[in-house]
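*Asks:* This one is work_30.cif, mmCIF, C-alpha atoms.
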data_target
#
loop_
_atom_site.label_atom_id
_atom_site.label_comp_id
_atom_site.auth_asym_id
_atom_site.auth_seq_id
_atom_site.Cartn_x
_atom_site.Cartn_y
_atom_site.Cartn_z
CA MET V 88 0.59 21.43 -4.15
CA SER V 89 -1.29 18.17 -4.63
CA ASP V 90 0.54 14.88 -4.32
CA PRO V 91 3.39 14.83 -6.85
CA ARG V 92 3.15 12.60 -9.88
CA ILE V 93 6.04 10.12 -9.85
CA LEU V 94 6.92 7.87 -12.79
CA GLY V 95 8.88 4.72 -12.02
CA LEU V 96 11.08 3.00 -14.58
CA CYS V 97 12.39 -0.45 -13.78
CA GLY V 98 15.28 -1.73 -15.88
CA ALA V 99 14.32 -5.33 -15.09
CA LEU V 100 11.33 -6.76 -16.90
CA ARG V 101 10.66 -9.59 -14.43
CA GLY V 102 7.64 -8.79 -12.27
CA GLY V 103 9.24 -9.93 -9.00
CA SER V 104 12.70 -8.47 -9.63
CA ALA V 105 14.66 -6.84 -6.82
CA ASN V 106 14.71 -3.62 -8.83
CA ARG V 107 10.93 -3.57 -9.10
CA LYS V 108 10.75 -4.16 -5.33
CA LEU V 109 13.22 -1.31 -4.82
CA LEU V 110 11.19 0.97 -7.08
CA LEU V 111 7.98 0.24 -5.18
CA GLU V 112 9.71 0.57 -1.81
CA ALA V 113 11.12 3.95 -2.86
CA ALA V 114 7.65 5.13 -3.91
CA ARG V 115 6.30 4.04 -0.53
CA LEU V 116 9.11 5.81 1.32
CA PHE V 117 8.59 8.92 -0.81
CA GLY V 118 5.26 9.38 0.92
CA PRO V 119 2.02 10.64 -0.60
CA CYS V 120 2.31 10.67 -4.38
CA ARG V 121 0.57 9.53 -7.53
CA PHE V 122 2.90 6.72 -8.61
CA GLU V 123 2.75 4.90 -11.92
CA GLU V 124 5.23 2.63 -13.62
CA GLY V 125 6.26 3.13 -17.23
CA ASP V 126 6.35 0.17 -19.60
CA LEU V 127 9.80 -0.50 -21.10
CA ARG V 128 8.61 -3.39 -23.29
CA LEU V 129 9.31 -1.42 -26.44
CA PRO V 130 10.38 -2.60 -29.89
CA LEU V 131 14.11 -2.43 -30.51
CA PHE V 132 15.10 0.95 -31.88
CA ASP V 133 15.55 0.80 -35.63
CA GLU V 134 15.64 4.02 -37.61
CA ASP V 135 14.29 2.21 -40.69
CA ASP V 136 11.17 1.32 -38.67
CA GLU V 137 10.92 4.90 -37.42
CA ILE V 138 11.13 6.26 -40.98
CA ALA V 139 8.54 3.76 -42.24
CA ASP V 140 6.08 3.86 -39.35
CA GLY V 141 6.95 6.84 -37.15
CA ILE V 142 7.31 6.75 -33.38
CA PRO V 143 5.60 3.65 -31.93
CA VAL V 144 2.57 4.37 -29.76
CA ALA V 145 4.22 2.70 -26.74
CA VAL V 146 7.26 4.97 -27.09
CA GLN V 147 5.15 8.12 -27.35
CA THR V 148 3.15 6.99 -24.32
CA LEU V 149 6.36 6.62 -22.32
CA ALA V 150 7.64 10.03 -23.48
CA ASP V 151 4.30 11.59 -22.50
CA GLN V 152 4.45 9.92 -19.07
CA ILE V 153 7.96 11.30 -18.51
CA ALA V 154 6.85 14.78 -19.57
CA ALA V 155 3.78 14.70 -17.32
CA ALA V 156 5.61 13.42 -14.23
CA ASP V 157 6.89 15.77 -11.56
CA ALA V 158 9.85 13.40 -11.12
CA VAL V 159 11.15 10.05 -12.35
CA LEU V 160 12.55 7.16 -10.30
CA ILE V 161 14.78 4.71 -12.13
CA SER V 162 15.86 1.40 -10.64
CA THR V 163 18.39 -0.48 -12.71
CA PRO V 164 19.92 -3.91 -12.39
CA GLU V 165 23.45 -4.58 -13.55
CA TYR V 166 23.81 -7.02 -16.41
CA ASN V 167 27.41 -7.80 -17.30
CA LYS V 168 28.70 -4.58 -15.69
CA ALA V 169 26.19 -2.29 -17.44
CA PRO V 170 22.52 -1.25 -17.45
CA PRO V 171 20.20 -3.65 -19.25
CA GLY V 172 19.55 -3.12 -22.95
CA VAL V 173 15.83 -2.55 -22.34
CA LEU V 174 16.63 0.63 -20.39
CA LYS V 175 19.09 1.97 -22.96
CA ASN V 176 16.63 1.12 -25.75
CA ALA V 177 13.94 3.16 -23.97
CA LEU V 178 16.31 6.13 -23.64
CA ASP V 179 17.19 5.90 -27.33
CA TRP V 180 13.56 5.73 -28.44
CA VAL V 181 12.37 8.56 -26.19
CA SER V 182 15.18 10.75 -27.53
CA ARG V 183 13.56 10.45 -30.96
CA THR V 184 10.24 11.99 -29.87
CA LYS V 185 9.43 15.61 -30.72
CA SER V 186 9.51 16.86 -27.16
CA SER V 187 12.42 16.81 -24.74
CA PRO V 188 10.63 15.13 -21.82
CA TRP V 189 13.78 14.63 -19.74
CA ARG V 190 14.96 18.26 -19.84
CA ASP V 191 15.15 19.69 -16.32
CA LYS V 192 13.18 16.71 -14.93
CA PRO V 193 14.14 15.65 -11.38
CA VAL V 194 15.43 12.07 -11.55
CA ALA V 195 16.53 9.69 -8.80
CA VAL V 196 18.57 6.66 -9.85
CA MET V 197 18.92 3.52 -7.75
CA SER V 198 20.22 0.03 -8.34
CA ALA V 199 19.94 -3.45 -6.92
CA ALA V 200 22.21 -6.26 -8.00
CA ALA V 201 23.45 -9.62 -6.83
CA GLY V 202 27.08 -8.47 -6.64
CA ARG V 203 28.76 -6.78 -3.71
CA ALA V 204 28.81 -3.36 -5.41
CA GLY V 205 25.01 -3.32 -5.78
CA GLY V 206 24.96 -2.16 -9.38
CA GLU V 207 27.32 0.78 -8.96
CA ARG V 208 28.77 0.43 -12.49
CA SER V 209 25.34 0.11 -14.04
CA GLN V 210 24.15 3.23 -12.29
CA SER V 211 27.26 5.18 -13.28
CA ILE V 212 26.86 4.22 -16.95
CA LEU V 213 23.14 5.05 -16.87
CA ARG V 214 23.89 8.50 -15.49
CA LEU V 215 26.37 9.05 -18.32
CA CYS V 216 23.79 7.91 -20.91
CA MET V 217 21.36 10.53 -19.61
CA VAL V 218 23.71 13.51 -19.91
CA PRO V 219 22.45 14.53 -23.40
CA PHE V 220 18.88 14.80 -22.08
CA GLN V 221 19.80 17.33 -19.36
CA PRO V 222 17.66 16.05 -16.49
CA ARG V 223 18.31 17.09 -12.89
CA ILE V 224 19.75 13.79 -11.65
CA LEU V 225 20.17 13.72 -7.91
CA GLN V 226 23.76 13.08 -6.92
CA GLY V 227 23.02 11.37 -3.66
CA PRO V 228 22.78 9.69 -1.46
CA GLU V 229 23.67 6.82 -3.74
CA VAL V 230 21.51 3.72 -3.39
CA HIS V 231 23.27 0.49 -4.39
CA ILE V 232 21.54 -2.56 -2.91
CA ALA V 233 24.06 -5.43 -2.88
CA ASN V 234 23.16 -9.12 -2.51
CA CYS V 235 19.70 -7.95 -3.52
CA ARG V 236 17.90 -11.29 -3.48
CA ASN V 237 18.32 -11.39 0.30
CA GLU V 238 17.55 -7.73 1.07
CA PHE V 239 13.74 -7.70 0.78
CA ASP V 240 11.20 -9.38 3.03
CA ASP V 241 8.10 -11.25 1.82
CA ASN V 242 6.20 -7.95 1.60
CA GLY V 243 8.84 -6.31 -0.61
CA ARG V 244 10.18 -4.12 2.18
CA LEU V 245 13.88 -3.57 2.69
CA LYS V 246 15.18 -5.62 5.61
CA SER V 247 18.17 -3.39 6.33
CA ASP V 248 17.44 -0.24 8.32
CA ARG V 249 20.53 1.33 6.75
CA TYR V 250 19.31 0.71 3.20
CA ALA V 251 15.79 1.89 4.06
CA ALA V 252 17.14 5.08 5.64
CA THR V 253 19.29 5.79 2.58
CA VAL V 254 16.34 5.32 0.21
CA GLU V 255 14.16 7.49 2.45
CA THR V 256 16.80 10.24 2.43
CA LEU V 257 17.04 10.04 -1.37
CA MET V 258 13.25 10.30 -1.64
CA GLY V 259 13.26 13.32 0.68
CA ARG V 260 15.79 15.00 -1.59
CA LEU V 261 13.70 14.11 -4.63
CA ARG V 262 10.67 15.72 -2.98
CA GLU V 263 12.76 18.85 -2.31
CA GLU V 264 13.99 18.89 -5.92
CA ILE V 265 10.41 18.76 -7.21
CA THR V 266 9.54 21.93 -5.32
CA ARG V 267 12.76 23.73 -6.31
#
Could you rewrite the structure in this file as structure tokens?
*Replies:*
Amino acid sequence: MSDPRILGLCGALRGGSANRKLLLEAARLFGPCRFEEGDLRLPLFDEDDEIADGIPVAVQTLADQIAAADAVLISTPEYNKAPPGVLKNALDWVSRTKSSPWRDKPVAVMSAAAGRAGGERSQSILRLCMVPFQPRILQGPEVHIANCRNEFDDNGRLKSDRYAATVETLMGRLREEITR
């Protein structure tokens, strides 16, 4: 098999966010792969707009990227004890496309947050939101990077050997799930 195609989805829009760093670090620790990041800068879901104009091109592009990927990595921050609206909006829009791109897709979920729980609630809610799509979400090891602003070095690498080892184990399991 050639290098797997991995799609990364970052729930934070800021370019230098801890979740984007975590996403890129996970892709690096995954090993050889064709990694690309999906764009979650989508219009807000509005069924009136969908009826009038159809599925936006950016939404269909994201759905096509999910469908074409061998696996998806999602890194989500925690905003007010939940995943950010941009991530939920993307899930809602993609659910409106003709295909079912998430069905049986291997998915690894991670989180980085400023709080001591590292985004655990956000990740739990995100997993629940994905149930209708029937992906193969890995159950562990769970990656919750706490105090995230202090956990990455200047090169975007995780400082903690424990965190790096956990991410690497999760990526190994994702690789196994792709070949299952």
*Asks:* Please write the residues picked by the PyMOL selection byres ((chain V and resi 228) around 10) on this file as a ChimeraX atom specification.
*Replies:* /V:195-197,225-227,229-231,253-258,260
*Asks:* Written as a PDB file with C-alpha atoms, keeping the file's coordinate frame, what is the full residue list that the PyMOL selection byres ((chain V and resi 118-120) around 8) yields on the file shown?
*Replies:*
ATOM      1  CA  ASP V  90       0.540  14.880  -4.320  1.00  0.00           C
ATOM      2  CA  PRO V  91       3.390  14.830  -6.850  1.00  0.00           C
ATOM      3  CA  ARG V  92       3.150  12.600  -9.880  1.00  0.00           C
ATOM      4  CA  ILE V  93       6.040  10.120  -9.850  1.00  0.00           C
ATOM      5  CA  ALA V 114       7.650   5.130  -3.910  1.00  0.00           C
ATOM      6  CA  ARG V 115       6.300   4.040  -0.530  1.00  0.00           C
ATOM      7  CA  LEU V 116       9.110   5.810   1.320  1.00  0.00           C
ATOM      8  CA  PHE V 117       8.590   8.920  -0.810  1.00  0.00           C
ATOM      9  CA  ARG V 121       0.570   9.530  -7.530  1.00  0.00           C
ATOM     10  CA  PHE V 122       2.900   6.720  -8.610  1.00  0.00           C
TER      11      PHE V 122
END
*Asks:* Determine, counting all atoms listed in the file, which protein, DNA and RNA residues have an atom within 8 Å of an atom of V:Leu100; residues of the same chain fewer than 3 positions away are not included. Present the result as a CSV table (one decimal) with C-alpha atoms, in the frame of the given file.
*Replies:*
chain,number,residue,atom,x,y,z
V,97,CYS,CA,12.4,-0.4,-13.8
V,104,SER,CA,12.7,-8.5,-9.6
V,127,LEU,CA,9.8,-0.5,-21.1
V,128,ARG,CA,8.6,-3.4,-23.3
*Asks:* Which residues, named as in the file, does the PyMOL selection byres ((chain V and resi 131) around 9) pick out? Answer as JSON, numbers by chain.
*Replies:* {"V": [129, 130, 132, 133, 173, 176, 177, 180]}
*Asks:* Hey, can you check how far atom CA of V:Asp135 sits from atom CA of V:Leu213?
*Replies:*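 Rounded to one decimal, the two atoms are 25.6 Å apart.
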*Asks:* For a test of reading the model, state the distance in Å between atom CA of V:Ile224 and atom CA of V:Lys192, rounded to one decimal.
*Replies:*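 These two atoms are separated by 7.9 Å.
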*Asks:* Counting all atoms listed in the file, which residue out of V:Pro170, V:Gly243, V:Pro188, V:Gly125 sits closest to V:Ile212?
*Replies:*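 Of V:Pro170, V:Gly243, V:Pro188, V:Gly125, the one nearest V:Ile212 is V:Pro170, counting all atoms listed in the file.
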*Asks:* Got a sec: who's within 12 Å of V:Lys168, counting all atoms listed in the file, leaving out chain neighbours fewer than 6 positions off, as a list in words?
*Replies:*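 Using all atoms listed in the file, the neighbours found are Ala200, Ala201, Gly202, Ala204, Gly205, Gly206, Glu207, Arg208, Ser209, Gln210, Ser211, Ile212 and Leu213 of chain V.
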*Asks:* Could you tell me how far atom CA of V:Asp157 sits from atom CA of V:Arg244, in Å to one decimal place?
*Replies:*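 Those two atoms sit 24.4 Å apart.
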*Asks:* Write out as an MDAnalysis selection string each polymer residue whose atoms come within 10 Å of V:Arg267, counting all atoms listed in the file; drop sequence neighbours fewer than 5 positions from it.
*Replies:* chainID V and resid 193 261:262
*Asks:* Would you put the residues from that selection into a file with C-alpha atoms, as a CSV table (one decimal), keeping the file's coordinate frame?
*Replies:*
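Saved file result.csv follows:
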chain,number,residue,atom,x,y,z
V,193,PRO,CA,14.1,15.6,-11.4
V,261,LEU,CA,13.7,14.1,-4.6
V,262,ARG,CA,10.7,15.7,-3.0
*Asks:* Just need the box for stretch 193-199 of chain V, edges along x, y and z, holding every atom the file lists for it with 3 Å tacked onto each side, so centre and edge lengths in Å to one decimal, as lines of an AutoDock Vina configuration file.
*Replies:*
center_x = 17.2
center_y = 6.1
center_z = -9.2
size_x = 12.1
size_y = 25.1
size_z = 10.6
*Asks:* Excluding V:Ala150 and its own-chain neighbours fewer than 5 positions away, which residues fall within 12 Å of it when counting all atoms listed in the file? Please give them as a VMD selection string.
*Replies:* chain V and resid 94 96 125 to 127 129 142 to 145 155 to 156 159 177 to 190
*Asks:* I need the residue nearest V:Ile153 from this list: V:Asp140, V:Glu123, V:Glu238, V:Glu264. Use only C-alpha atoms for the distance.
*Replies:*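 The closest residue to V:Ile153 is V:Glu123.
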*Asks:* Can you fill out stretch 157-181 of chain V with N, CA and C atoms and hand it back as a PDB file, in the frame of the given file?
*Replies:*
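Written file, selection.pdb:
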ATOM      1  N   ASP V 157       6.139  14.756 -12.306  1.00  0.00           N
ATOM      2  CA  ASP V 157       6.890  15.770 -11.560  1.00  0.00           C
ATOM      3  C   ASP V 157       8.321  15.299 -11.332  1.00  0.00           C
ATOM      4  N   ALA V 158       8.523  13.989 -11.313  1.00  0.00           N
ATOM      5  CA  ALA V 158       9.850  13.400 -11.120  1.00  0.00           C
ATOM      6  C   ALA V 158       9.817  11.966 -11.621  1.00  0.00           C
ATOM      7  N   VAL V 159      11.022  11.428 -11.879  1.00  0.00           N
ATOM      8  CA  VAL V 159      11.150  10.050 -12.350  1.00  0.00           C
ATOM      9  C   VAL V 159      12.099   9.301 -11.421  1.00  0.00           C
ATOM     10  N   LEU V 160      11.694   8.087 -11.050  1.00  0.00           N
ATOM     11  CA  LEU V 160      12.550   7.160 -10.300  1.00  0.00           C
ATOM     12  C   LEU V 160      12.984   6.073 -11.263  1.00  0.00           C
ATOM     13  N   ILE V 161      14.280   5.795 -11.297  1.00  0.00           N
ATOM     14  CA  ILE V 161      14.780   4.710 -12.130  1.00  0.00           C
ATOM     15  C   ILE V 161      15.518   3.723 -11.241  1.00  0.00           C
ATOM     16  N   SER V 162      15.151   2.462 -11.352  1.00  0.00           N
ATOM     17  CA  SER V 162      15.860   1.400 -10.640  1.00  0.00           C
ATOM     18  C   SER V 162      16.425   0.454 -11.680  1.00  0.00           C
ATOM     19  N   THR V 163      17.747   0.309 -11.668  1.00  0.00           N
ATOM     20  CA  THR V 163      18.390  -0.480 -12.710  1.00  0.00           C
ATOM     21  C   THR V 163      19.194  -1.648 -12.149  1.00  0.00           C
ATOM     22  N   PRO V 164      19.024  -2.814 -12.733  1.00  0.00           N
ATOM     23  CA  PRO V 164      19.920  -3.910 -12.390  1.00  0.00           C
ATOM     24  C   PRO V 164      21.261  -3.701 -13.095  1.00  0.00           C
ATOM     25  N   GLU V 165      22.173  -4.598 -12.844  1.00  0.00           N
ATOM     26  CA  GLU V 165      23.450  -4.580 -13.550  1.00  0.00           C
ATOM     27  C   GLU V 165      23.603  -5.906 -14.268  1.00  0.00           C
ATOM     28  N   TYR V 166      23.619  -5.841 -15.589  1.00  0.00           N
ATOM     29  CA  TYR V 166      23.810  -7.020 -16.410  1.00  0.00           C
ATOM     30  C   TYR V 166      25.176  -6.915 -17.074  1.00  0.00           C
ATOM     31  N   ASN V 167      26.078  -7.799 -16.709  1.00  0.00           N
ATOM     32  CA  ASN V 167      27.410  -7.800 -17.300  1.00  0.00           C
ATOM     33  C   ASN V 167      28.088  -6.434 -17.213  1.00  0.00           C
ATOM     34  N   LYS V 168      28.020  -5.846 -16.024  1.00  0.00           N
ATOM     35  CA  LYS V 168      28.700  -4.580 -15.690  1.00  0.00           C
ATOM     36  C   LYS V 168      28.081  -3.349 -16.338  1.00  0.00           C
ATOM     37  N   ALA V 169      26.823  -3.431 -16.774  1.00  0.00           N
ATOM     38  CA  ALA V 169      26.190  -2.290 -17.440  1.00  0.00           C
ATOM     39  C   ALA V 169      24.674  -2.332 -17.214  1.00  0.00           C
ATOM     40  N   PRO V 170      23.994  -1.224 -17.525  1.00  0.00           N
ATOM     41  CA  PRO V 170      22.520  -1.250 -17.450  1.00  0.00           C
ATOM     42  C   PRO V 170      21.970  -2.206 -18.494  1.00  0.00           C
ATOM     43  N   PRO V 171      20.794  -2.741 -18.275  1.00  0.00           N
ATOM     44  CA  PRO V 171      20.200  -3.650 -19.250  1.00  0.00           C
ATOM     45  C   PRO V 171      19.839  -2.923 -20.549  1.00  0.00           C
ATOM     46  N   GLY V 172      19.861  -3.677 -21.640  1.00  0.00           N
ATOM     47  CA  GLY V 172      19.550  -3.120 -22.950  1.00  0.00           C
ATOM     48  C   GLY V 172      18.161  -2.502 -23.020  1.00  0.00           C
ATOM     49  N   VAL V 173      17.201  -3.060 -22.290  1.00  0.00           N
ATOM     50  CA  VAL V 173      15.830  -2.550 -22.340  1.00  0.00           C
ATOM     51  C   VAL V 173      15.782  -1.095 -21.863  1.00  0.00           C
ATOM     52  N   LEU V 174      16.603  -0.744 -20.898  1.00  0.00           N
ATOM     53  CA  LEU V 174      16.630   0.630 -20.390  1.00  0.00           C
ATOM     54  C   LEU V 174      17.292   1.561 -21.393  1.00  0.00           C
ATOM     55  N   LYS V 175      18.415   1.146 -21.958  1.00  0.00           N
ATOM     56  CA  LYS V 175      19.090   1.970 -22.960  1.00  0.00           C
ATOM     57  C   LYS V 175      18.218   2.121 -24.201  1.00  0.00           C
ATOM     58  N   ASN V 176      17.542   1.056 -24.603  1.00  0.00           N
ATOM     59  CA  ASN V 176      16.630   1.120 -25.750  1.00  0.00           C
ATOM     60  C   ASN V 176      15.538   2.157 -25.509  1.00  0.00           C
ATOM     61  N   ALA V 177      14.992   2.187 -24.295  1.00  0.00           N
ATOM     62  CA  ALA V 177      13.940   3.160 -23.970  1.00  0.00           C
ATOM     63  C   ALA V 177      14.497   4.589 -24.064  1.00  0.00           C
ATOM     64  N   LEU V 178      15.698   4.805 -23.551  1.00  0.00           N
ATOM     65  CA  LEU V 178      16.310   6.130 -23.640  1.00  0.00           C
ATOM     66  C   LEU V 178      16.494   6.541 -25.103  1.00  0.00           C
ATOM     67  N   ASP V 179      16.975   5.607 -25.916  1.00  0.00           N
ATOM     68  CA  ASP V 179      17.190   5.900 -27.330  1.00  0.00           C
ATOM     69  C   ASP V 179      15.883   6.249 -28.034  1.00  0.00           C
ATOM     70  N   TRP V 180      14.845   5.462 -27.797  1.00  0.00           N
ATOM     71  CA  TRP V 180      13.560   5.730 -28.440  1.00  0.00           C
ATOM     72  C   TRP V 180      12.980   7.063 -27.991  1.00  0.00           C
ATOM     73  N   VAL V 181      12.961   7.311 -26.694  1.00  0.00           N
ATOM     74  CA  VAL V 181      12.370   8.560 -26.190  1.00  0.00           C
ATOM     75  C   VAL V 181      13.111   9.773 -26.738  1.00  0.00           C
TER      76      VAL V 181
END
